Amino acid sequence: MVEAQGLKKSYGPVQAVEGLDLRVQEGEIYGLLGPNGSGKTTTILMLLGLTEPSAGRVQVAGFNPTREPLKVKRVVGYLPENVGFYDDLTARENLRYIARLNGIPDRDSKKRIEEVLEQVGLSEVADRPVGTYSRGMRQRLGIADVLVKEPRLAILDEPTTGIDPEGASQILDMIVRMRNERGMTILLSSHLLHQVQRVCDRVGIMHRGRLVAEGTVDELSARTSGEGLEFEAQVRGLSPELVAALKGLDGVREVVAQGERLRILAEVDVRSAVARTVLEKGAELLELRQRAFTLEEIYLRYFQG
Amino acid sequence: MRVVFWKELADYFGSKRFIILFFLILIVAGASAYLASQSLRESPPQDTSYVYLDLFTQSSGGMPSFLSFLAFFGPLIGVLLGFDAVNSEFSRGTVSRVLAQPIYRDSWINGKFLAGLATLALALAGIILIIFGLGLYALGFPPDGGELSRMFTFFVIGLIYLGFWLALGILFSVLFRQAASSALASIAVWLFFTLFLYMAAGLIADQVAPVSPTSPAQVWTRNEEIRDLVLRFSPVALFEEATSAILIPSWRGLGLAQLLTQRDIPTNPLPLGQSLLIVWPQLVSLIALTSVCFGISYVIFMRREIRSL
Ligand SMILES: Nc1ncnc2c1ncn2[C@@H]1O[C@H](COP(=O)(O)OP(=O)(O)OP(=O)(O)O)[C@@H](O)[C@H]1O
Ligand SMILES: [Mg+2]
């Protein structure tokens, strides 16, 4: 759906994006992650043909956004990072304008607008001027705005910033539904990790205009912990003897004990061996699980390490 | 582009500032035309051809003519429609949303400009028709074909003139991110052309060709010519010249010709074609100024970085 190679954008001496390679498959939710100023918005603008790349190749839905902007814009919906609406028009009128700009006749758009307003939960306030809307309502209207044109690809720039956790969670649910019910491909950018982690199939981490890591959250997690795996256990009746025995197991690299808690670093999955050893030594095994890295930890590693 | 055009048109007509200005001009213009018609009634001219046109050009009772009003305040309407056309969309963050839709960038700005022009056209036509109605009421006989065709020509020139100011407003709205700076700049240009340049023209002319009551005629003409030359840089003066020729059929141009006319050498009315010929350069300059203004904003806008800041 999206393919970028060696994408570059410089603003005078500032390199906003330098050498970005990006692939987004049809039907996936892709999260573009990165701290402020890492070039997410710039990348998105180049994908839409709103900014011309300084170098590199882009294909969106099979078209070149710089050369065939209209073809790209016809199939791509975009939610900018600070959505603006015509404040003196109502939500309905704002959406109708967008529908008209997309060449959808009023007769067809009427029903569609009702549908999307319903979907984002703005039906009741749809006849109020948008100037009276709260931040969260505007953001939801922004989603409706993307949905009205029924795009194949939706590009959402920070869809949840400035929204309370409940509102953000609603928006994320909407995004997942967009993909599941309408088969849309979704590219979203964010610097809020736990959210991206929740909804994205794959994430790419941007830093200083480059993609420093890419993959599913699991893959990134595995890569972050180095080659080894990490397990956590809680054992009642822990003895130094037991710790020594665990250290002696095949594949175990290190065992760290803290009160009842154990941290085990290993090269392979050693859970069954650990369980057996604990029971053999007469201790009680309360908990044993493989530790997954959250994106947060992955993130910190990339930006602090 | 049609979609943008209709939306902007609706916006313009709905906007408070347009309504306020329109009524202000309407009242002032109506009043000046009414007074003109009153004075025509009291002292009816022997020659009633082109008397309708007098409604627009006659000043009476200390009230300037409709023409002067339009020359002076017309720019305000034009500029006020244009000055935040583009930058307000930037500050509201609607540009990136709208331009992410399948429309060309130029249809967007063209749509805006044309909608503004249509608004001005309707407003101007409305005011002219009202004055005509007033005339019909005061004079009691309808205008003839010659008057109507001159009226229409006047309307077109007026529209070009207002269009220039609209284009100027739009240019500033593209140049300045802040609506306030763009408004200030527009007002500054307006004052420059309507007031300052007239003073400057007189000063320059007096510097180059000083005149005294005893000066020979050549010096007077030279002084006059220099003044006119400087004024030709101003769209306001261009408009006044062009419309004078149209609305005053016997008008033969500024400078010596005007001096002669003022000395009551009887002059016959010219046909419309001849009048147009006299002010052809002025008309072309006006059109050129308008196109240049809009052209510059067009080019700048097309290269502008789209980022809702
Ligand atoms: N018009 C511009 N002129 C100069 N530099 C710019 C311009 N726009 C962006 N930049 C620079 O490009 C870099 C990337 O900006 P970008 O907006 O893409 O970051 P971002 O990842 O979207 O950040 P955020 O999370 O804050 O939205 C920044 O360093 C910024 O200063
Ligand atoms: Mg951004």
# chains A, B, ... in the order shown; residues from 1 in each chain; ligands from 1

$ select_by_dssp --residues "range 32-216 of chain A" --states "alpha helix (DSSP H)" --output "ChimeraX atom specification"
/A:40-48,69-75,91-101,106-119,135-148,165-182,193-199

$ residues_around --residues "range 272-284 of chain A" --least-positions-apart "2" --cutoff "12 Å" --atoms "only C-alpha atoms" --output "PyMOL selection string"
chain A and resi 231-252+255+260+262-266+268-270+286-290

$ closest_residue --among "A:Leu117, A:Met206, A:Leu95, A:Ala4" --to "ligand 2" --atoms "only C-alpha atoms and all ligand atoms"
A:Met206

$ atom_distance --atom1 "CA of Leu7 in chain A" --atom2 "CA of Arg208 in chain A"
13.1 Å

$ interface_residues --of "chain B" --to "chain A" --cutoff "8 Å" --atoms "only C-alpha atoms" --output "list in words"
Val3, Val4, Lys7, Arg92, Gly93, Thr94, Ser96, Arg97, Val98, Leu99, Ala100, Gln101, Pro102, Ile103, Tyr104, Glu305, Ile306 and Ser308 of chain B

$ residues_around --residues "range 165-176 of chain B" --least-positions-apart "4" --cutoff "10 Å" --atoms "only C-alpha atoms" --output "JSON, numbers by chain"
{"B": [74, 75, 76, 77, 78, 79, 80, 81, 82, 83, 84, 85, 86, 87, 88, 89, 90, 109, 112, 113, 114, 116, 117, 120, 159, 160, 161, 180, 181, 182, 183, 184, 185, 186, 187, 189, 190, 235, 289, 290, 291, 292, 293, 294, 295, 296, 297, 298, 299, 300, 301, 304]}

$ select_by_dssp --residues "range 61-109 of chain A" --states "strand (DSSP E)" --output "PyMOL selection string"
chain A and resi 76-79

$ residues_near_ligand --ligand "ligand 2" --cutoff "9 Å" --atoms "only C-alpha atoms and all ligand atoms" --output "PyMOL selection string"
chain A and resi 36-42+44+80-81+157-158+189-190

$ closest_residue --among "A:Ala91, A:Val116, A:Leu156, A:Val58" --to "ligand 1" --atoms "only C-alpha atoms and all ligand atoms"
A:Leu156
